[in-house]
Amino acid sequence: MALPLVRTVADLRARVRAWRAEGLGVGFVPTMGALHEGHLSLVRLARTKADRVVTSLFVNPTQFGPSEDFDAYPRDEARDAGLLEGAGCHLLYAPAVAEMYPEGASTIVTVCGVAEPLEGAARPGHFAGVATVVTKLLNQCGPDVAVFGQKDFQQLAVIRRLVADLDIPVEIVGAPTMRADDGLALSSRNAYLTAEERQQAPALHQVLQTLLRNLRDGESVAAVERVALDALARAGFQRIDYVEVRHPATLERLGPGPTDGPVRVLAAARLGKTRLIDNVGD
Ligand code: PAF
């Protein structure tokens with residue numbers, strides 16, 4: 001049997017209401033499609049936490065900048081539906097843009113603080129788009145638990161913040177990053193890499209791991225960041241937006257001296273036309 005599909009908020013709510021009437025708990029995995037093993041691991045994790053799992057597939061125009069890849073973003077709903085069914089998803093929610101943003105929609109959710117540095121600085125407006133659509137999706141579905149990947153570590157922090165600040169009654173779960181055997185974090189955008197760039201790409205993860213090891217060996221934040229920046233440039237990354245040591249919850253800057261407290265190391269850099277992000281912690 002094919003995976004059930006709904007396209008409207010009303011139909012989504014009717015399905016969820018019926019499950020609730022049976023006493024079933026609901027898990028939710030928001031996606032933009034172009035699914036890979038990383039997304040499927042989120043669905044599998046949601047299944048361990050809820051009786052029924054809804055996955056949304058919506059390429060959200062408001063989180064793409066004017067010069068970003070909204071039009072080029074890979075779309076294949078039939079393929080994605082097949083993968084989701086295999087992973088144990090119970091319902092696909094794939095609204096049209098007009099269902100999500102009807103004529104006259106004028107509300108934007110802006111998260112301050114944690115949404116401002118890193119991706120917030122490199123991609124103006126991105127997190128307002130993410131925060132707005134995630135708030136809407138959570139309100140539309142009303143799940144008990146929602147699962148997001150740690151691959152987008154700052155996005156996860158932004159969503160935890162908005163759920164707390166707006167009193168949205170949902171548990172947010174962060175799922176570990178899935179990686180290829182050579183360490184490259186799985187991402188829908190890896191599809192843009194040429195064969196040569198794909199060979200270079202794992203250096204991003206290697207550099208972050210080395211940075212963390214050096215930091216834990218007692219080197220200063222400023223020194224490990226500088227060495228990592230040079231290493232990424234030598235590995236062929238052309239535009240390095242950031243490679244930084246931050247606090248894992250607030251994403252505030254740490255250093256410049258040594259630190260033995262909790263950290264998250266985050267980076268974004270470009271290989272040719274493809275912008276890659278990754279992060280590590282311990
Ligand atoms: O991580 C993503 O794929 C998107 O940012 C999300 C959370 C589905 C919102 O559009």
# chains A, B, ... in the order shown; residues from 1 in each chain; ligands from 1

call {"tool": "residues_near_ligand", "arguments": {"ligand": "ligand 1", "cutoff": "10 Å", "atoms": "only C-alpha atoms and all ligand atoms", "output": "ChimeraX atom specification"}}
result
/A:29-35,39,55-64,126-127,129-135,137,147-153,155-156,159,187-188

call {"tool": "residues_around", "arguments": {"residues": "Gly113 of chain A", "least_positions_apart": "5", "cutoff": "12 Å", "atoms": "only C-alpha atoms", "output": "number ranges by chain"}}
result
A: 118, 120-121, 127, 154, 157-158, 161-162, 249-253

call {"tool": "residues_around", "arguments": {"residues": "Leu266 of chain A", "least_positions_apart": "6", "cutoff": "12 Å", "atoms": "only C-alpha atoms", "output": "number ranges by chain"}}
result
A: 117-119, 150-154, 204-205, 207-209, 211-212, 225, 228-229, 240-248, 251-253, 276-281

call {"tool": "atom_distance", "arguments": {"atom1": "atom CA of Ala128 of chain A", "atom2": "atom CA of Glu77 of chain A"}}
result
25.5 Å

call {"tool": "select_by_dssp", "arguments": {"residues": "segment 129-243 of chain A", "states": "helix (DSSP H, G or I)", "output": "ChimeraX atom specification"}}
result
/A:129-141,150-165,188-192,195-200,203-216,221-234

call {"tool": "select_by_dssp", "arguments": {"residues": "segment 5-251 of chain A", "states": "strand (DSSP E)", "output": "count of residues only"}}
result
35

call {"tool": "residues_around", "arguments": {"residues": "Gln206 of chain A", "least_positions_apart": "4", "cutoff": "8 Å", "atoms": "only C-alpha atoms", "output": "PyMOL selection string"}}
result
chain A and resi 183+202+210

call {"tool": "residues_around", "arguments": {"residues": "segment 197-200 of chain A", "least_positions_apart": "2", "cutoff": "8 Å", "atoms": "only C-alpha atoms", "output": "short mmCIF file (atom, residue, chain, number, x, y, z; two decimals) with N, CA, C and O atoms, in the first residue's frame"}}
result
data_model
loop_
_atom_site.label_atom_id
_atom_site.label_comp_id
_atom_site.auth_asym_id
_atom_site.auth_seq_id
_atom_site.Cartn_x
_atom_site.Cartn_y
_atom_site.Cartn_z
N ASN A 190 24.99 17.63 -1.38
CA ASN A 190 26.17 16.89 -1.87
C ASN A 190 25.99 16.50 -3.34
O ASN A 190 26.97 16.27 -4.04
N LEU A 193 28.02 18.37 -5.95
CA LEU A 193 29.49 18.27 -6.03
C LEU A 193 29.93 17.54 -7.30
O LEU A 193 29.35 16.52 -7.66
N THR A 194 30.98 18.05 -7.96
CA THR A 194 31.59 17.30 -9.06
C THR A 194 32.38 16.13 -8.44
O THR A 194 32.61 16.10 -7.21
N ALA A 195 32.83 15.19 -9.30
CA ALA A 195 33.57 14.03 -8.80
C ALA A 195 34.82 14.49 -8.03
O ALA A 195 35.15 13.96 -6.96
N PRO A 202 35.45 15.53 2.15
CA PRO A 202 35.59 14.99 3.51
C PRO A 202 36.60 15.76 4.37
O PRO A 202 36.62 15.63 5.59
N ALA A 203 37.45 16.58 3.72
CA ALA A 203 38.43 17.37 4.49
C ALA A 203 37.72 18.27 5.50
O ALA A 203 38.29 18.58 6.55
N ALA A 235 42.95 22.62 1.52
CA ALA A 235 42.21 21.45 1.02
C ALA A 235 41.33 21.82 -0.18
O ALA A 235 40.63 20.96 -0.72
N GLY A 236 41.32 23.10 -0.57
CA GLY A 236 40.61 23.47 -1.80
C GLY A 236 39.30 24.21 -1.56
O GLY A 236 38.59 24.52 -2.52
N LEU A 271 32.85 24.64 -1.92
CA LEU A 271 33.67 23.91 -2.88
C LEU A 271 33.01 24.15 -4.23
O LEU A 271 31.91 23.64 -4.47
N GLY A 272 33.64 24.94 -5.08
CA GLY A 272 32.99 25.29 -6.35
C GLY A 272 31.68 26.01 -6.04
O GLY A 272 31.64 26.96 -5.26
#

call {"tool": "atom_distance", "arguments": {"atom1": "atom CA of Tyr192 of chain A", "atom2": "atom CA of Glu37 of chain A"}}
result
17.0 Å

call {"tool": "closest_residue", "arguments": {"among": "A:Arg264, A:Arg7, A:Arg234, A:Arg123", "to": "Gly65 of chain A", "atoms": "only C-alpha atoms"}}
result
A:Arg123

call {"tool": "residues_around", "arguments": {"residues": "Leu83 of chain A", "least_positions_apart": "3", "cutoff": "8 Å", "atoms": "only C-alpha atoms", "output": "tab-separated table (two decimals) with C-alpha atoms, in the first residue's frame"}}
result
chain	number	residue	atom	x	y	z
A	35	LEU	CA	15.78	12.52	1.00
A	40	LEU	CA	15.44	8.30	6.99
A	79	ARG	CA	10.98	8.78	-4.91
A	80	ASP	CA	10.85	10.45	-1.50
A	86	GLY	CA	10.35	1.94	3.61
A	87	ALA	CA	11.53	3.79	6.72

call {"tool": "atom_distance", "arguments": {"atom1": "atom CA of Leu186 of chain A", "atom2": "atom CA of Gly38 of chain A"}}
result
6.2 Å

call {"tool": "closest_residue", "arguments": {"among": "A:Ala94, A:Ala175, A:Ala18, A:Val43", "to": "Leu5 of chain A", "atoms": "only C-alpha atoms"}}
result
A:Ala94

call {"tool": "closest_residue", "arguments": {"among": "A:Arg189, A:Ser106, A:Val54, A:Asp260", "to": "Ala72 of chain A", "atoms": "only C-alpha atoms"}}
result
A:Arg189

call {"tool": "decode", "arguments": {"residues": "segment 129-171 of chain A", "atoms": "N, CA and C atoms", "output": "PDB file, in the first residue's frame"}}
result
ATOM      1  N   GLY A 129      12.957  32.555   7.822  1.00  0.00           N
ATOM      2  CA  GLY A 129      12.189  31.623   6.990  1.00  0.00           C
ATOM      3  C   GLY A 129      12.018  30.272   7.656  1.00  0.00           C
ATOM      4  N   VAL A 130      13.117  29.767   8.234  1.00  0.00           N
ATOM      5  CA  VAL A 130      13.059  28.459   8.916  1.00  0.00           C
ATOM      6  C   VAL A 130      12.130  28.540  10.129  1.00  0.00           C
ATOM      7  N   ALA A 131      12.325  29.582  10.959  1.00  0.00           N
ATOM      8  CA  ALA A 131      11.541  29.693  12.198  1.00  0.00           C
ATOM      9  C   ALA A 131      10.053  29.849  11.887  1.00  0.00           C
ATOM     10  N   THR A 132       9.749  30.601  10.848  1.00  0.00           N
ATOM     11  CA  THR A 132       8.339  30.811  10.477  1.00  0.00           C
ATOM     12  C   THR A 132       7.717  29.500  10.002  1.00  0.00           C
ATOM     13  N   VAL A 133       8.399  28.803   9.107  1.00  0.00           N
ATOM     14  CA  VAL A 133       7.783  27.583   8.570  1.00  0.00           C
ATOM     15  C   VAL A 133       7.714  26.484   9.628  1.00  0.00           C
ATOM     16  N   VAL A 134       8.743  26.396  10.481  1.00  0.00           N
ATOM     17  CA  VAL A 134       8.724  25.340  11.506  1.00  0.00           C
ATOM     18  C   VAL A 134       7.625  25.629  12.535  1.00  0.00           C
ATOM     19  N   THR A 135       7.438  26.898  12.901  1.00  0.00           N
ATOM     20  CA  THR A 135       6.343  27.253  13.810  1.00  0.00           C
ATOM     21  C   THR A 135       5.008  26.844  13.188  1.00  0.00           C
ATOM     22  N   LYS A 136       4.833  27.155  11.900  1.00  0.00           N
ATOM     23  CA  LYS A 136       3.585  26.805  11.214  1.00  0.00           C
ATOM     24  C   LYS A 136       3.407  25.284  11.141  1.00  0.00           C
ATOM     25  N   LEU A 137       4.468  24.583  10.758  1.00  0.00           N
ATOM     26  CA  LEU A 137       4.366  23.121  10.635  1.00  0.00           C
ATOM     27  C   LEU A 137       3.997  22.483  11.974  1.00  0.00           C
ATOM     28  N   LEU A 138       4.628  22.963  13.061  1.00  0.00           N
ATOM     29  CA  LEU A 138       4.331  22.399  14.383  1.00  0.00           C
ATOM     30  C   LEU A 138       2.882  22.719  14.770  1.00  0.00           C
ATOM     31  N   ASN A 139       2.408  23.911  14.447  1.00  0.00           N
ATOM     32  CA  ASN A 139       1.013  24.263  14.739  1.00  0.00           C
ATOM     33  C   ASN A 139       0.037  23.469  13.873  1.00  0.00           C
ATOM     34  N   GLN A 140       0.434  23.194  12.649  1.00  0.00           N
ATOM     35  CA  GLN A 140      -0.453  22.461  11.742  1.00  0.00           C
ATOM     36  C   GLN A 140      -0.587  20.994  12.157  1.00  0.00           C
ATOM     37  N   CYS A 141       0.542  20.407  12.547  1.00  0.00           N
ATOM     38  CA  CYS A 141       0.562  18.961  12.844  1.00  0.00           C
ATOM     39  C   CYS A 141       0.232  18.679  14.311  1.00  0.00           C
ATOM     40  N   GLY A 142       0.735  19.521  15.206  1.00  0.00           N
ATOM     41  CA  GLY A 142       0.501  19.304  16.635  1.00  0.00           C
ATOM     42  C   GLY A 142       1.086  17.993  17.149  1.00  0.00           C
ATOM     43  N   PRO A 143       2.368  17.715  16.842  1.00  0.00           N
ATOM     44  CA  PRO A 143       2.957  16.433  17.274  1.00  0.00           C
ATOM     45  C   PRO A 143       3.371  16.455  18.744  1.00  0.00           C
ATOM     46  N   ASP A 144       3.605  15.261  19.304  1.00  0.00           N
ATOM     47  CA  ASP A 144       4.171  15.158  20.664  1.00  0.00           C
ATOM     48  C   ASP A 144       5.675  15.380  20.622  1.00  0.00           C
ATOM     49  N   VAL A 145       6.288  14.897  19.521  1.00  0.00           N
ATOM     50  CA  VAL A 145       7.742  14.979  19.406  1.00  0.00           C
ATOM     51  C   VAL A 145       8.097  15.315  17.954  1.00  0.00           C
ATOM     52  N   ALA A 146       9.125  16.148  17.776  1.00  0.00           N
ATOM     53  CA  ALA A 146       9.597  16.464  16.422  1.00  0.00           C
ATOM     54  C   ALA A 146      11.102  16.250  16.383  1.00  0.00           C
ATOM     55  N   VAL A 147      11.579  15.640  15.298  1.00  0.00           N
ATOM     56  CA  VAL A 147      12.993  15.259  15.204  1.00  0.00           C
ATOM     57  C   VAL A 147      13.691  16.091  14.124  1.00  0.00           C
ATOM     58  N   PHE A 148      14.846  16.646  14.489  1.00  0.00           N
ATOM     59  CA  PHE A 148      15.659  17.457  13.568  1.00  0.00           C
ATOM     60  C   PHE A 148      17.095  16.934  13.630  1.00  0.00           C
ATOM     61  N   GLY A 149      17.818  17.032  12.515  1.00  0.00           N
ATOM     62  CA  GLY A 149      19.193  16.540  12.475  1.00  0.00           C
ATOM     63  C   GLY A 149      20.175  17.522  13.100  1.00  0.00           C
ATOM     64  N   GLN A 150      21.188  16.974  13.760  1.00  0.00           N
ATOM     65  CA  GLN A 150      22.270  17.817  14.314  1.00  0.00           C
ATOM     66  C   GLN A 150      23.187  18.334  13.217  1.00  0.00           C
ATOM     67  N   LYS A 151      23.071  17.802  12.020  1.00  0.00           N
ATOM     68  CA  LYS A 151      23.843  18.307  10.880  1.00  0.00           C
ATOM     69  C   LYS A 151      23.633  19.821  10.769  1.00  0.00           C
ATOM     70  N   ASP A 152      22.368  20.246  10.889  1.00  0.00           N
ATOM     71  CA  ASP A 152      22.057  21.684  10.919  1.00  0.00           C
ATOM     72  C   ASP A 152      21.990  22.092  12.389  1.00  0.00           C
ATOM     73  N   PHE A 153      23.163  22.169  13.009  1.00  0.00           N
ATOM     74  CA  PHE A 153      23.226  22.305  14.469  1.00  0.00           C
ATOM     75  C   PHE A 153      22.611  23.620  14.939  1.00  0.00           C
ATOM     76  N   GLN A 154      22.901  24.693  14.197  1.00  0.00           N
ATOM     77  CA  GLN A 154      22.357  25.988  14.609  1.00  0.00           C
ATOM     78  C   GLN A 154      20.840  26.019  14.408  1.00  0.00           C
ATOM     79  N   GLN A 155      20.369  25.409  13.332  1.00  0.00           N
ATOM     80  CA  GLN A 155      18.916  25.333  13.121  1.00  0.00           C
ATOM     81  C   GLN A 155      18.238  24.650  14.306  1.00  0.00           C
ATOM     82  N   LEU A 156      18.840  23.556  14.771  1.00  0.00           N
ATOM     83  CA  LEU A 156      18.285  22.838  15.920  1.00  0.00           C
ATOM     84  C   LEU A 156      18.233  23.749  17.148  1.00  0.00           C
ATOM     85  N   ALA A 157      19.300  24.516  17.369  1.00  0.00           N
ATOM     86  CA  ALA A 157      19.335  25.436  18.520  1.00  0.00           C
ATOM     87  C   ALA A 157      18.268  26.530  18.378  1.00  0.00           C
ATOM     88  N   VAL A 158      18.086  27.007  17.159  1.00  0.00           N
ATOM     89  CA  VAL A 158      17.070  28.047  16.897  1.00  0.00           C
ATOM     90  C   VAL A 158      15.668  27.482  17.183  1.00  0.00           C
ATOM     91  N   ILE A 159      15.447  26.254  16.759  1.00  0.00           N
ATOM     92  CA  ILE A 159      14.124  25.646  16.947  1.00  0.00           C
ATOM     93  C   ILE A 159      13.867  25.355  18.430  1.00  0.00           C
ATOM     94  N   ARG A 160      14.892  24.897  19.139  1.00  0.00           N
ATOM     95  CA  ARG A 160      14.713  24.689  20.592  1.00  0.00           C
ATOM     96  C   ARG A 160      14.332  26.009  21.253  1.00  0.00           C
ATOM     97  N   ARG A 161      14.995  27.083  20.835  1.00  0.00           N
ATOM     98  CA  ARG A 161      14.729  28.411  21.404  1.00  0.00           C
ATOM     99  C   ARG A 161      13.293  28.860  21.115  1.00  0.00           C
ATOM    100  N   LEU A 162      12.852  28.728  19.885  1.00  0.00           N
ATOM    101  CA  LEU A 162      11.519  29.238  19.529  1.00  0.00           C
ATOM    102  C   LEU A 162      10.421  28.406  20.181  1.00  0.00           C
ATOM    103  N   VAL A 163      10.637  27.097  20.293  1.00  0.00           N
ATOM    104  CA  VAL A 163       9.637  26.236  20.928  1.00  0.00           C
ATOM    105  C   VAL A 163       9.495  26.601  22.406  1.00  0.00           C
ATOM    106  N   ALA A 164      10.630  26.890  23.056  1.00  0.00           N
ATOM    107  CA  ALA A 164      10.592  27.312  24.461  1.00  0.00           C
ATOM    108  C   ALA A 164       9.932  28.691  24.577  1.00  0.00           C
ATOM    109  N   ASP A 165      10.345  29.617  23.711  1.00  0.00           N
ATOM    110  CA  ASP A 165       9.868  31.002  23.834  1.00  0.00           C
ATOM    111  C   ASP A 165       8.390  31.140  23.481  1.00  0.00           C
ATOM    112  N   LEU A 166       7.900  30.334  22.535  1.00  0.00           N
ATOM    113  CA  LEU A 166       6.502  30.457  22.092  1.00  0.00           C
ATOM    114  C   LEU A 166       5.600  29.415  22.761  1.00  0.00           C
ATOM    115  N   ASP A 167       6.146  28.698  23.753  1.00  0.00           N
ATOM    116  CA  ASP A 167       5.345  27.715  24.524  1.00  0.00           C
ATOM    117  C   ASP A 167       4.654  26.707  23.610  1.00  0.00           C
ATOM    118  N   ILE A 168       5.382  26.215  22.611  1.00  0.00           N
ATOM    119  CA  ILE A 168       4.796  25.197  21.726  1.00  0.00           C
ATOM    120  C   ILE A 168       4.957  23.845  22.419  1.00  0.00           C
ATOM    121  N   PRO A 169       3.853  23.132  22.638  1.00  0.00           N
ATOM    122  CA  PRO A 169       3.919  21.902  23.440  1.00  0.00           C
ATOM    123  C   PRO A 169       4.426  20.706  22.646  1.00  0.00           C
ATOM    124  N   VAL A 170       5.723  20.671  22.402  1.00  0.00           N
ATOM    125  CA  VAL A 170       6.319  19.570  21.642  1.00  0.00           C
ATOM    126  C   VAL A 170       7.713  19.321  22.200  1.00  0.00           C
ATOM    127  N   GLU A 171       8.121  18.053  22.183  1.00  0.00           N
ATOM    128  CA  GLU A 171       9.501  17.725  22.574  1.00  0.00           C
ATOM    129  C   GLU A 171      10.368  17.749  21.316  1.00  0.00           C
TER     130      GLU A 171
END
